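Peer 1: File target_0.csv follows (CSV, C-alpha atoms):
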chain,number,residue,atom,x,y,z
A,1,MET,CA,107.7,111.9,62.4
A,2,LYS,CA,106.0,113.1,59.2
A,3,ARG,CA,102.3,113.1,59.3
A,4,VAL,CA,100.5,111.0,56.8
A,5,VAL,CA,97.7,112.5,54.7
A,6,ALA,CA,95.4,110.0,52.9
A,7,PRO,CA,95.7,110.5,49.1
A,8,LEU,CA,92.0,111.2,48.6
A,9,LEU,CA,92.0,113.8,51.4
A,10,LEU,CA,95.1,115.4,49.9
A,11,SER,CA,93.6,115.6,46.5
A,12,ALA,CA,90.4,117.1,47.9
A,13,LEU,CA,92.4,119.7,49.9
A,14,LEU,CA,94.4,120.5,46.8
A,15,ALA,CA,91.3,120.8,44.6
A,16,GLY,CA,90.0,123.4,47.1
A,17,CYS,CA,93.2,125.4,46.9
A,18,VAL,CA,94.1,125.5,43.2
A,19,PRO,CA,92.7,128.4,41.1
A,20,ALA,CA,89.6,127.9,39.1
A,21,PRO,CA,91.3,127.4,35.7
A,22,LEU,CA,93.1,124.3,37.0
A,23,ARG,CA,90.0,122.7,38.5
A,24,ALA,CA,87.6,120.2,36.8
A,25,ASN,CA,85.2,122.2,34.7
A,26,PRO,CA,81.7,121.4,35.7
A,27,ASP,CA,80.3,122.7,32.4
A,28,SER,CA,82.6,120.6,30.2
A,29,ALA,CA,81.3,118.1,27.7
A,30,VAL,CA,84.5,116.1,28.2
A,31,ARG,CA,84.8,113.5,30.9
A,32,LEU,CA,88.4,113.0,31.9
A,33,SER,CA,90.2,110.6,34.2
A,34,ALA,CA,93.9,110.6,35.0
A,35,ALA,CA,96.0,108.5,37.3
A,36,PRO,CA,99.7,107.3,37.5
A,37,ALA,CA,100.3,104.3,35.3
A,38,ALA,CA,102.5,102.5,38.0
A,39,ALA,CA,101.4,101.4,41.4
A,40,PRO,CA,102.9,103.4,44.3
A,41,ALA,CA,105.2,102.0,46.9
A,42,GLN,CA,103.6,100.7,50.0
A,43,PRO,CA,105.9,101.8,52.9
A,44,LEU,CA,105.3,100.4,56.3
A,45,THR,CA,105.1,104.0,57.5
A,46,GLY,CA,101.8,104.4,55.7
A,47,GLU,CA,102.5,107.3,53.2
A,48,GLY,CA,100.1,107.2,50.2
A,49,GLU,CA,100.9,108.1,46.6
A,50,LEU,CA,104.6,107.6,47.2
A,51,TYR,CA,106.9,106.5,44.4
A,52,ARG,CA,110.5,105.5,44.2
A,53,PHE,CA,112.5,108.1,42.3
A,54,PRO,CA,112.1,109.0,39.3
A,55,GLY,CA,108.4,108.6,39.8
A,56,PRO,CA,105.5,106.7,38.1
A,57,GLY,CA,106.9,107.3,34.6
A,58,ALA,CA,103.6,107.7,32.9
A,59,LEU,CA,100.0,108.9,33.3
A,60,ASN,CA,97.0,106.8,32.3
A,61,VAL,CA,94.3,109.0,30.8
A,62,ARG,CA,90.9,108.3,29.5
A,63,THR,CA,88.3,110.7,27.9
A,64,ASP,CA,84.8,110.5,26.6
A,65,PRO,CA,84.4,111.7,23.9
A,66,ALA,CA,87.8,111.7,22.1
A,67,ALA,CA,89.9,114.7,23.0
A,68,LEU,CA,93.3,116.4,22.8
A,69,VAL,CA,95.1,115.7,26.1
A,70,THR,CA,98.2,117.4,27.5
A,71,ALA,CA,99.9,116.8,30.9
A,72,ILE,CA,101.6,119.8,32.6
A,73,VAL,CA,104.0,118.7,35.4
A,74,LEU,CA,104.8,121.1,38.2
A,75,PRO,CA,107.8,119.8,40.2
A,76,PRO,CA,108.4,121.0,43.8
A,77,GLY,CA,111.0,123.6,42.8
A,78,GLY,CA,108.9,125.0,40.0
A,79,GLY,CA,109.8,125.0,36.3
A,80,ALA,CA,106.6,123.5,34.9
A,81,ARG,CA,107.0,121.1,32.0
A,82,VAL,CA,104.5,120.8,29.2
A,83,GLY,CA,104.2,117.3,27.8
A,84,GLU,CA,103.3,116.2,24.3
A,85,THR,CA,99.7,116.5,23.2
A,86,ILE,CA,97.9,113.3,22.2
A,87,ARG,CA,94.5,112.5,20.7
A,88,THR,CA,92.6,109.9,22.7
A,89,VAL,CA,90.1,107.4,21.5
A,90,ALA,CA,86.8,107.7,23.4
A,91,GLY,CA,86.7,105.3,26.3
A,92,GLN,CA,90.2,103.9,25.8
A,93,THR,CA,93.1,104.4,28.1
A,94,ALA,CA,96.2,106.2,26.7
A,95,GLN,CA,99.5,107.0,28.3
A,96,LEU,CA,101.3,110.3,28.7
A,97,PRO,CA,105.0,110.1,29.7
A,98,LEU,CA,105.9,111.9,32.9
A,99,PRO,CA,109.4,113.4,33.5
A,100,ALA,CA,111.5,112.4,36.5
A,101,THR,CA,110.8,114.5,39.6
A,102,GLU,CA,111.9,114.4,43.2
A,103,GLY,CA,109.5,115.5,46.0
A,104,PHE,CA,105.9,116.6,45.9
A,105,THR,CA,104.7,116.7,42.3
A,106,GLN,CA,101.5,118.1,40.8
A,107,VAL,CA,100.2,117.1,37.4
A,108,PHE,CA,97.5,119.1,35.7
A,109,THR,CA,96.0,117.2,32.7
A,110,VAL,CA,94.1,119.3,30.2
A,111,ALA,CA,91.6,117.7,27.9
A,112,SER,CA,90.0,119.7,25.1
A,113,LEU,CA,87.8,119.2,22.1
A,114,VAL,CA,89.6,122.0,20.3
A,115,PRO,CA,93.4,122.7,20.0
A,116,LEU,CA,94.9,124.8,22.8
A,117,ASP,CA,98.2,126.5,22.9
A,118,LEU,CA,99.6,125.6,26.3
A,119,SER,CA,103.2,126.4,25.6
A,120,SER,CA,103.2,129.5,27.8
A,121,ALA,CA,102.8,127.2,30.8
A,122,ALA,CA,106.3,125.9,30.3
A,123,GLY,CA,108.6,127.1,33.1
A,124,ALA,CA,105.9,128.3,35.4
A,125,ARG,CA,107.3,128.6,38.9
A,126,SER,CA,104.0,128.2,40.8
A,127,VAL,CA,100.4,127.1,40.6
A,128,GLY,CA,99.4,130.7,40.2
A,129,GLU,CA,101.6,131.2,37.1
A,130,LEU,CA,100.5,127.9,35.7
A,131,SER,CA,96.9,128.8,36.2
A,132,ALA,CA,97.3,132.1,34.4
A,133,ALA,CA,98.9,130.3,31.4
A,134,VAL,CA,96.0,127.8,31.2
A,135,GLN,CA,93.5,130.6,31.5
A,136,ARG,CA,95.1,132.4,28.6
A,137,ALA,CA,95.1,129.2,26.5
A,138,THR,CA,91.4,128.5,27.1
A,139,GLN,CA,90.1,132.1,26.8
A,140,GLY,CA,89.0,131.6,23.2
A,141,ALA,CA,87.6,128.1,23.6
A,142,PRO,CA,83.9,127.3,24.3
A,143,ARG,CA,83.3,126.8,28.0
A,144,THR,CA,82.1,123.3,27.4
A,145,ALA,CA,85.1,122.3,25.3
A,146,TYR,CA,87.7,121.6,28.0
A,147,THR,CA,88.4,120.4,31.5
A,148,VAL,CA,91.3,119.7,33.8
A,149,ALA,CA,92.2,116.8,36.1
A,150,THR,CA,94.7,117.1,39.0
A,151,THR,CA,97.1,114.3,40.1
A,152,VAL,CA,99.5,114.6,43.0
A,153,TYR,CA,102.2,112.2,44.2
A,154,ARG,CA,105.7,112.2,45.9
A,155,ALA,CA,108.8,110.8,44.2
A,156,GLU,CA,111.6,110.0,46.7
A,157,ARG,CA,114.8,108.1,46.9
A,158,LEU,CA,113.6,105.4,49.3
A,159,GLY,CA,115.8,103.6,51.9
A,160,THR,CA,116.0,100.3,53.6
A,161,LEU,CA,116.1,99.5,57.3
A,162,ARG,CA,117.4,96.2,58.8
A,163,VAL,CA,116.4,95.7,62.4
A,164,GLY,CA,117.8,93.1,64.7
A,165,THR,CA,117.5,92.4,68.4
A,166,THR,CA,119.8,90.8,70.9
A,167,VAL,CA,117.0,88.3,71.6
A,168,PRO,CA,115.7,87.0,68.2
A,169,GLY,CA,111.9,86.9,67.7
A,170,ALA,CA,111.1,90.2,69.2
A,171,GLN,CA,108.1,92.1,67.8
A,172,VAL,CA,109.3,95.1,65.8
A,173,ARG,CA,107.2,98.3,65.3
A,174,VAL,CA,108.1,101.3,63.2
A,175,ASN,CA,106.2,104.5,64.2
A,176,GLY,CA,103.8,102.3,66.1
A,177,ARG,CA,103.0,100.0,63.1
A,178,PRO,CA,103.8,96.3,63.3
A,179,ALA,CA,106.8,95.4,61.1
A,180,GLY,CA,107.3,91.7,61.9
A,181,LEU,CA,109.7,89.7,64.1
A,182,ALA,CA,113.4,90.5,64.4
A,183,PRO,CA,115.5,90.1,62.4
A,184,VAL,CA,113.6,91.9,59.7
A,185,GLU,CA,114.4,94.0,56.6
A,186,LEU,CA,112.0,96.9,55.8
A,187,ARG,CA,112.2,98.4,52.3
A,188,ASP,CA,110.8,101.4,50.6
A,189,LEU,CA,110.9,103.8,53.6
A,190,PRO,CA,110.9,107.5,52.8
A,191,PRO,CA,113.8,109.7,54.0
A,192,GLY,CA,113.4,111.0,57.5
A,193,GLN,CA,113.4,109.9,61.1
A,194,VAL,CA,111.5,106.9,62.3
A,195,GLU,CA,111.0,105.4,65.8
A,196,VAL,CA,111.7,101.7,66.1
A,197,THR,CA,110.5,99.7,69.0
A,198,ALA,CA,111.1,96.0,69.9
A,199,THR,CA,109.1,94.1,72.5
A,200,ARG,CA,109.2,90.5,73.8
A,201,GLU,CA,107.5,88.9,76.8
A,202,GLY,CA,109.8,88.9,79.8
A,203,TYR,CA,112.0,91.7,78.5
A,204,ARG,CA,112.1,95.5,78.8
A,205,PRO,CA,111.0,97.2,75.5
A,206,ALA,CA,113.8,98.8,73.6
A,207,SER,CA,113.4,101.7,71.2
A,208,ALA,CA,115.6,104.0,69.1
A,209,ARG,CA,115.2,106.8,66.5
A,210,VAL,CA,116.8,106.2,63.1
A,211,ASN,CA,117.4,108.5,60.2
A,212,ILE,CA,116.5,106.8,56.9
A,213,ALA,CA,118.6,108.0,54.0
A,214,GLY,CA,117.5,107.6,50.4
A,215,ASP,CA,119.1,104.8,48.4
A,216,ARG,CA,120.9,103.5,51.5
A,217,VAL,CA,120.6,100.6,53.9
A,218,SER,CA,120.5,101.4,57.6
A,219,ASP,CA,121.2,98.8,60.3
A,220,LEU,CA,119.9,98.9,63.8
A,221,THR,CA,120.3,96.4,66.7
A,222,LEU,CA,118.2,96.9,69.8
A,223,THR,CA,119.3,95.5,73.1
A,224,LEU,CA,116.5,93.7,75.1
A,225,ARG,CA,117.1,93.3,78.8
A,226,LEU,CA,115.4,90.8,81.0
A,227,LEU,CA,112.7,92.1,83.4
A,228,THR,CA,114.1,91.4,86.8
A,229,GLY,CA,113.4,91.8,90.5
A,230,THR,CA,115.8,91.3,93.4
A,231,LEU,CA,115.8,88.1,95.4
A,232,ARG,CA,117.3,88.1,98.9
A,233,VAL,CA,117.8,84.9,100.9
A,234,GLU,CA,118.8,84.9,104.6
A,235,SER,CA,119.8,81.7,106.3
A,236,PRO,CA,121.3,80.9,109.7
A,237,VAL,CA,123.3,78.0,108.1
A,238,ALA,CA,125.2,77.8,104.9
A,239,ALA,CA,122.9,76.8,102.1
A,240,ASP,CA,123.0,76.7,98.3
A,241,VAL,CA,120.2,78.5,96.5
A,242,LEU,CA,118.9,77.3,93.2
A,243,ALA,CA,116.3,78.9,90.9
A,244,ASP,CA,114.6,76.6,88.4
A,245,ARG,CA,117.4,74.1,89.1
A,246,ARG,CA,120.1,76.6,88.3
A,247,LEU,CA,122.6,77.4,91.1
A,248,LEU,CA,122.5,81.1,92.0
A,249,GLY,CA,124.9,81.1,94.9
A,250,ALA,CA,125.1,80.5,98.6
A,251,ALA,CA,123.5,82.2,101.6
A,252,LEU,CA,125.8,82.1,104.6
A,253,PRO,CA,125.2,83.1,108.2
A,254,GLY,CA,125.3,86.8,108.4
A,255,GLN,CA,125.9,87.0,104.6
A,256,PRO,CA,122.5,87.0,102.8
A,257,LEU,CA,122.4,86.1,99.1
A,258,GLU,CA,121.0,89.0,97.1
A,259,LEU,CA,120.9,89.1,93.3
A,260,PRO,CA,118.7,90.0,90.3
A,261,VAL,CA,116.3,87.3,89.1
A,262,ARG,CA,114.0,87.2,86.2
A,263,SER,CA,110.5,88.5,86.9
A,264,GLY,CA,107.7,86.0,87.3
A,265,VAL,CA,107.1,82.8,89.4
A,266,VAL,CA,110.4,81.1,90.3
A,267,SER,CA,110.8,77.6,91.7
A,268,LEU,CA,113.4,78.1,94.5
A,269,ASN,CA,115.4,75.5,96.3
A,270,VAL,CA,117.3,76.3,99.5
A,271,VAL,CA,119.7,73.3,100.2
A,272,PRO,CA,121.6,73.4,103.5
A,273,ARG,CA,125.1,72.1,103.2
A,274,ASP,CA,124.5,70.2,106.4
A,275,ARG,CA,122.8,67.2,104.8
A,276,SER,CA,121.0,66.4,108.1
A,277,LEU,CA,118.8,69.4,107.4
A,278,ALA,CA,115.9,69.1,105.0
A,279,PRO,CA,116.1,71.2,101.7
A,280,GLN,CA,113.3,73.7,101.2
A,281,THR,CA,111.3,74.2,98.0
A,282,LEU,CA,109.2,77.3,97.5
A,283,LEU,CA,107.4,79.1,94.6
A,284,VAL,CA,108.3,82.7,94.7
A,285,ARG,CA,106.7,85.5,92.7
A,286,VAL,CA,109.5,87.9,91.7
A,287,ASN,CA,108.0,91.3,90.8
A,288,THR,CA,109.9,93.6,88.4
A,289,ASP,CA,112.1,96.2,90.2
A,290,LEU,CA,111.0,95.0,93.7
A,291,LEU,CA,112.6,93.0,96.5
A,292,SER,CA,111.5,89.5,97.3
A,293,ARG,CA,112.7,88.2,100.6
A,294,ILE,CA,113.2,84.6,101.8
A,295,ASP,CA,113.9,84.2,105.5
A,296,CYS,CA,115.1,80.8,106.7
A,297,THR,CA,115.2,79.7,110.4
A,298,LEU,CA,116.6,76.8,112.4
A,299,ALA,CA,114.8,75.5,115.4
A,300,GLY,CA,116.6,72.5,116.8
A,301,SER,CA,117.0,70.2,113.8
A,302,THR,CA,114.1,71.8,111.9
A,303,PHE,CA,115.1,74.1,109.0
A,304,ARG,CA,112.4,76.2,107.4
A,305,CYS,CA,112.2,78.9,104.8
A,306,ASN,CA,109.3,81.4,104.2
A,307,VAL,CA,108.6,84.1,101.8
A,308,ARG,CA,108.2,87.5,103.4
Re-express the file's structure as structure tokens.
Peer 2:
Amino acid sequence: MKRVVAPLLLSALLAGCVPAPLRANPDSAVRLSAAPAAAPAQPLTGEGELYRFPGPGALNVRTDPAALVTAIVLPPGGGARVGETIRTVAGQTAQLPLPATEGFTQVFTVASLVPLDLSSAAGARSVGELSAAVQRATQGAPRTAYTVATTVYRAERLGTLRVGTTVPGAQVRVNGRPAGLAPVELRDLPPGQVEVTATREGYRPASARVNIAGDRVSDLTLTLRLLTGTLRVESPVAADVLADRRLLGAALPGQPLELPVRSGVVSLNVVPRDRSLAPQTLLVRVNTDLLSRIDCTLAGSTFRCNVR
């Protein structure tokens, strides 16, 4: 299971790792904000800043004062792309188009009060190469004239998972997170393996691991089995045994009736086939995976059954 890192934490960690030329300039006279123009997907698995391929499509940027702004996109495989440069209006949001990417994507947005030649950043294969290109472009500019904002996100081909259970209405969880009652369809799941669990009172939990594939629908049906214990009824006379008014079978002399019964309190009737003998009614607690014994005796014309 992939670990989920909160977007703010991820951005903070990234900011601490990127070289100085790609960090926000504390001496800059330009205030810059940048964020994806589209809302991210909200997968049940909890990943943040996750977008369905081809990504958010555009970047919302705002500066104060007006500035020249360029977005440099570094895809996971390298090959940085330098976008068009736009001139913003102070305090107003503008959009920069973003190319399609797949995987972890870093966008470095450069805002400057003076023209910068960022063309050498095109094709950069790493953050280090990109940093060197930005440093060259800003060398001749005043220290207060520019700044950089970092945006990170993932663009993935997301999949769908349909979960059913043999007993409808079971609670479904994916990687421990509640997903609703079966049957349920879960969309926008990132590729990879997830653990699906279904639970319902009176049944054994069922679970399975499923591989989610991008742009595909996966189907899973989990089998829920009743929680049961074993009931054993011994009788010196032939007697029919009923649980909650349902006939289970017959206990015969020397042939006890033994069979699985749902766990919990069961209303049990032992009815002798000799109608001169009184039927017996008992409340029996059947414990999961344990044996519950009912012993019946005959003393003269008195037929009795007891829980042991």
Peer 1: So, counting all atoms listed in the file, which residue among A:Ser218, A:Thr93, A:Gln171, A:Ser301 is closest to Tyr203 (chain A)?
Peer 2: A:Gln171
Peer 1: Distance CA of Val217 (chain A)-CA of Arg204 (chain A), one decimal place?
Peer 2: 26.8 Å
Peer 1: Just checking: using all atoms listed in the file, which residue out of A:Gly300, A:Gly192, A:Pro178, A:Pro256 ends up closest to Leu44 (chain A)?
Peer 2: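 The closest residue to Leu44 (chain A) is A:Pro178.
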Peer 1: Do you know which residues lie at most 10 Å from (119.2, 85.5, 102.4), with coordinates as in the file and all atoms listed in the file counted, and could you write them as a ChimeraX atom specification?
Peer 2: /A:231-236,239,241,250-259,270,293-296,305
Peer 1: Could you list, as a list in words, every residue within 8 Å of Arg143 (chain A), counting only C-alpha atoms and ignoring same-chain residues fewer than 2 positions away?
Peer 2: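 Here the answer would be Asp27, Ser28, Ala141, Ala145 and Tyr146 of chain A.
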Peer 1: When you count only C-alpha atoms, which of these residues is closest to Arg154 (chain A): A:Pro54, A:Gly79, A:Gly180, A:Pro272?
Peer 2: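 Among the listed residues, the smallest separation from Arg154 (chain A) belongs to A:Pro54.
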Peer 1: What's the separation between CA of Ser120 (chain A) and CA of Gly77 (chain A), in Å to one decimal place?
Peer 2: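 Straight-line distance from CA of Ser120 (chain A) to CA of Gly77 (chain A) works out to 17.9 Å.
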Peer 1: From (114.0, 89.1, 62.4), in the file's coordinates, out to 9 Å: which residues are reached, counting only C-alpha atoms? Answer as a list in words.
Peer 2: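 Those residues lying close to the given coordinates are Arg162, Val163, Gly164, Thr165, Pro168, Gly169, Ala170, Gln171, Val172, Gly180, Leu181, Ala182, Pro183, Val184 and Glu185 of chain A.
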Peer 1: Out of A:Arg52, A:Arg136, A:Arg262, A:Arg187, which residue has the shortest atom-to-atom distance to Glu156 (chain A) when counting only C-alpha atoms?
Peer 2: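 Going through A:Arg52, A:Arg136, A:Arg262, A:Arg187 one by one, the smallest distance to Glu156 (chain A) is for A:Arg52.
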Peer 1: CA of Asn60 (chain A) and CA of Gln95 (chain A), how far apart in Å?
Peer 2: 4.7 Å
Peer 1: Contacts of Ala155 (chain A) at 10 Å or less, counting all atoms listed in the file, minus same-chain residues fewer than 2 places along, as a list in words?
Peer 2: Pro40, Ala41, Glu49, Leu50, Tyr51, Arg52, Phe53, Pro54, Gly55, Pro56, Pro75, Ala100, Thr101, Glu102, Gly103, Phe104, Thr105, Tyr153, Arg157, Leu158 and Pro190 of chain A
Peer 1: Leaving out Asp117 (chain A) and any residue of its chain fewer than 6 positions from it, which residues lie within 9 Å of it when counting only C-alpha atoms, given as a PDB file with C-alpha atoms, keeping the file's coordinate frame?
Peer 2:
ATOM      1  CA  VAL A 134      96.000 127.800  31.200  1.00  0.00           C
ATOM      2  CA  ARG A 136      95.100 132.400  28.600  1.00  0.00           C
ATOM      3  CA  ALA A 137      95.100 129.200  26.500  1.00  0.00           C
ATOM      4  CA  THR A 138      91.400 128.500  27.100  1.00  0.00           C
TER       5      THR A 138
END
Peer 1: Show me, as a short mmCIF file (atom, residue, chain, number, x, y, z; two decimals) with C-alpha atoms, in the frame of the given file, the residues that have an atom within 9 Å of Ala122 (chain A) when counting all atoms listed in the file, minus same-chain residues fewer than 6 positions from it.
Peer 2:
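Once everything was written out, this is around-v9.cif:
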data_model
loop_
_atom_site.label_atom_id
_atom_site.label_comp_id
_atom_site.auth_asym_id
_atom_site.auth_seq_id
_atom_site.Cartn_x
_atom_site.Cartn_y
_atom_site.Cartn_z
CA ILE A 72 101.60 119.80 32.60
CA GLY A 79 109.80 125.00 36.30
CA ALA A 80 106.60 123.50 34.90
CA ARG A 81 107.00 121.10 32.00
CA VAL A 82 104.50 120.80 29.20
CA LEU A 130 100.50 127.90 35.70
CA ALA A 133 98.90 130.30 31.40
#
Peer 1: Nearest residue to Asp240 (chain A) out of A:Gly202, A:Pro279, A:Gly128, A:Gly91, using all atoms listed in the file?
Peer 2: A:Pro279
Peer 1: May I ask which of the residues A:Ser131, A:Thr230, A:Ser33, A:Thr70 is the closest one to Leu113 (chain A), counting all atoms listed in the file?
Peer 2: A:Thr70
Peer 1: At a cut-off of 12 Å, using only C-alpha atoms, what residues contact Leu22 (chain A)? Leave out same-chain residues fewer than 3 positions from it and give the result as a ChimeraX atom specification.
Peer 2: /A:14-19,25-26,71-72,106-111,121,127-138,146-151
Peer 1: Would you put the residues from that selection into a file with C-alpha atoms, as an mmCIF file, in the coordinates of the input?
Peer 2:
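Writing done, so here's again-v1.cif:
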data_model
loop_
_atom_site.group_PDB
_atom_site.id
_atom_site.type_symbol
_atom_site.label_atom_id
_atom_site.label_comp_id
_atom_site.auth_asym_id
_atom_site.auth_seq_id
_atom_site.Cartn_x
_atom_site.Cartn_y
_atom_site.Cartn_z
ATOM 1 C CA LEU A 14 94.400 120.500 46.800
ATOM 2 C CA ALA A 15 91.300 120.800 44.600
ATOM 3 C CA GLY A 16 90.000 123.400 47.100
ATOM 4 C CA CYS A 17 93.200 125.400 46.900
ATOM 5 C CA VAL A 18 94.100 125.500 43.200
ATOM 6 C CA PRO A 19 92.700 128.400 41.100
ATOM 7 C CA ASN A 25 85.200 122.200 34.700
ATOM 8 C CA PRO A 26 81.700 121.400 35.700
ATOM 9 C CA ALA A 71 99.900 116.800 30.900
ATOM 10 C CA ILE A 72 101.600 119.800 32.600
ATOM 11 C CA GLN A 106 101.500 118.100 40.800
ATOM 12 C CA VAL A 107 100.200 117.100 37.400
ATOM 13 C CA PHE A 108 97.500 119.100 35.700
ATOM 14 C CA THR A 109 96.000 117.200 32.700
ATOM 15 C CA VAL A 110 94.100 119.300 30.200
ATOM 16 C CA ALA A 111 91.600 117.700 27.900
ATOM 17 C CA ALA A 121 102.800 127.200 30.800
ATOM 18 C CA VAL A 127 100.400 127.100 40.600
ATOM 19 C CA GLY A 128 99.400 130.700 40.200
ATOM 20 C CA GLU A 129 101.600 131.200 37.100
ATOM 21 C CA LEU A 130 100.500 127.900 35.700
ATOM 22 C CA SER A 131 96.900 128.800 36.200
ATOM 23 C CA ALA A 132 97.300 132.100 34.400
ATOM 24 C CA ALA A 133 98.900 130.300 31.400
ATOM 25 C CA VAL A 134 96.000 127.800 31.200
ATOM 26 C CA GLN A 135 93.500 130.600 31.500
ATOM 27 C CA ARG A 136 95.100 132.400 28.600
ATOM 28 C CA ALA A 137 95.100 129.200 26.500
ATOM 29 C CA THR A 138 91.400 128.500 27.100
ATOM 30 C CA TYR A 146 87.700 121.600 28.000
ATOM 31 C CA THR A 147 88.400 120.400 31.500
ATOM 32 C CA VAL A 148 91.300 119.700 33.800
ATOM 33 C CA ALA A 149 92.200 116.800 36.100
ATOM 34 C CA THR A 150 94.700 117.100 39.000
ATOM 35 C CA THR A 151 97.100 114.300 40.100
#
Peer 1: N, CA and C atoms are needed for region 99-113 of chain A; please write them out as a PDB file, in the coordinates of the input.
Peer 2:
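That gives us rebuild_34.pdb:
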ATOM      1  N   PRO A  99     107.948 113.187  33.266  1.00  0.00           N
ATOM      2  CA  PRO A  99     109.400 113.400  33.500  1.00  0.00           C
ATOM      3  C   PRO A  99     109.754 112.933  34.926  1.00  0.00           C
ATOM      4  N   ALA A 100     111.038 112.722  35.137  1.00  0.00           N
ATOM      5  CA  ALA A 100     111.500 112.400  36.500  1.00  0.00           C
ATOM      6  C   ALA A 100     111.398 113.636  37.369  1.00  0.00           C
ATOM      7  N   THR A 101     110.882 113.436  38.570  1.00  0.00           N
ATOM      8  CA  THR A 101     110.800 114.500  39.600  1.00  0.00           C
ATOM      9  C   THR A 101     111.192 113.925  40.916  1.00  0.00           C
ATOM     10  N   GLU A 102     111.535 114.804  41.834  1.00  0.00           N
ATOM     11  CA  GLU A 102     111.900 114.400  43.200  1.00  0.00           C
ATOM     12  C   GLU A 102     111.143 115.284  44.176  1.00  0.00           C
ATOM     13  N   GLY A 103     110.296 114.695  45.021  1.00  0.00           N
ATOM     14  CA  GLY A 103     109.500 115.500  46.000  1.00  0.00           C
ATOM     15  C   GLY A 103     108.050 115.512  45.574  1.00  0.00           C
ATOM     16  N   PHE A 104     107.313 116.441  46.188  1.00  0.00           N
ATOM     17  CA  PHE A 104     105.900 116.600  45.900  1.00  0.00           C
ATOM     18  C   PHE A 104     105.648 117.116  44.536  1.00  0.00           C
ATOM     19  N   THR A 105     104.897 116.382  43.746  1.00  0.00           N
ATOM     20  CA  THR A 105     104.700 116.700  42.300  1.00  0.00           C
ATOM     21  C   THR A 105     103.221 116.857  42.020  1.00  0.00           C
ATOM     22  N   GLN A 106     102.890 117.897  41.250  1.00  0.00           N
ATOM     23  CA  GLN A 106     101.500 118.100  40.800  1.00  0.00           C
ATOM     24  C   GLN A 106     101.449 117.996  39.289  1.00  0.00           C
ATOM     25  N   VAL A 107     100.450 117.259  38.817  1.00  0.00           N
ATOM     26  CA  VAL A 107     100.200 117.100  37.400  1.00  0.00           C
ATOM     27  C   VAL A 107      98.849 117.611  37.042  1.00  0.00           C
ATOM     28  N   PHE A 108      98.782 118.569  36.137  1.00  0.00           N
ATOM     29  CA  PHE A 108      97.500 119.100  35.700  1.00  0.00           C
ATOM     30  C   PHE A 108      97.298 118.635  34.241  1.00  0.00           C
ATOM     31  N   THR A 109      96.305 117.787  34.050  1.00  0.00           N
ATOM     32  CA  THR A 109      96.000 117.200  32.700  1.00  0.00           C
ATOM     33  C   THR A 109      94.877 117.972  32.099  1.00  0.00           C
ATOM     34  N   VAL A 110      95.143 118.538  30.926  1.00  0.00           N
ATOM     35  CA  VAL A 110      94.100 119.300  30.200  1.00  0.00           C
ATOM     36  C   VAL A 110      93.599 118.538  29.048  1.00  0.00           C
ATOM     37  N   ALA A 111      92.289 118.358  29.001  1.00  0.00           N
ATOM     38  CA  ALA A 111      91.600 117.700  27.900  1.00  0.00           C
ATOM     39  C   ALA A 111      90.703 118.680  27.192  1.00  0.00           C
ATOM     40  N   SER A 112      90.775 118.701  25.872  1.00  0.00           N
ATOM     41  CA  SER A 112      90.000 119.700  25.100  1.00  0.00           C
ATOM     42  C   SER A 112      89.474 119.119  23.825  1.00  0.00           C
ATOM     43  N   LEU A 113      88.329 119.617  23.410  1.00  0.00           N
ATOM     44  CA  LEU A 113      87.800 119.200  22.100  1.00  0.00           C
ATOM     45  C   LEU A 113      88.312 120.062  20.982  1.00  0.00           C
TER      46      LEU A 113
END
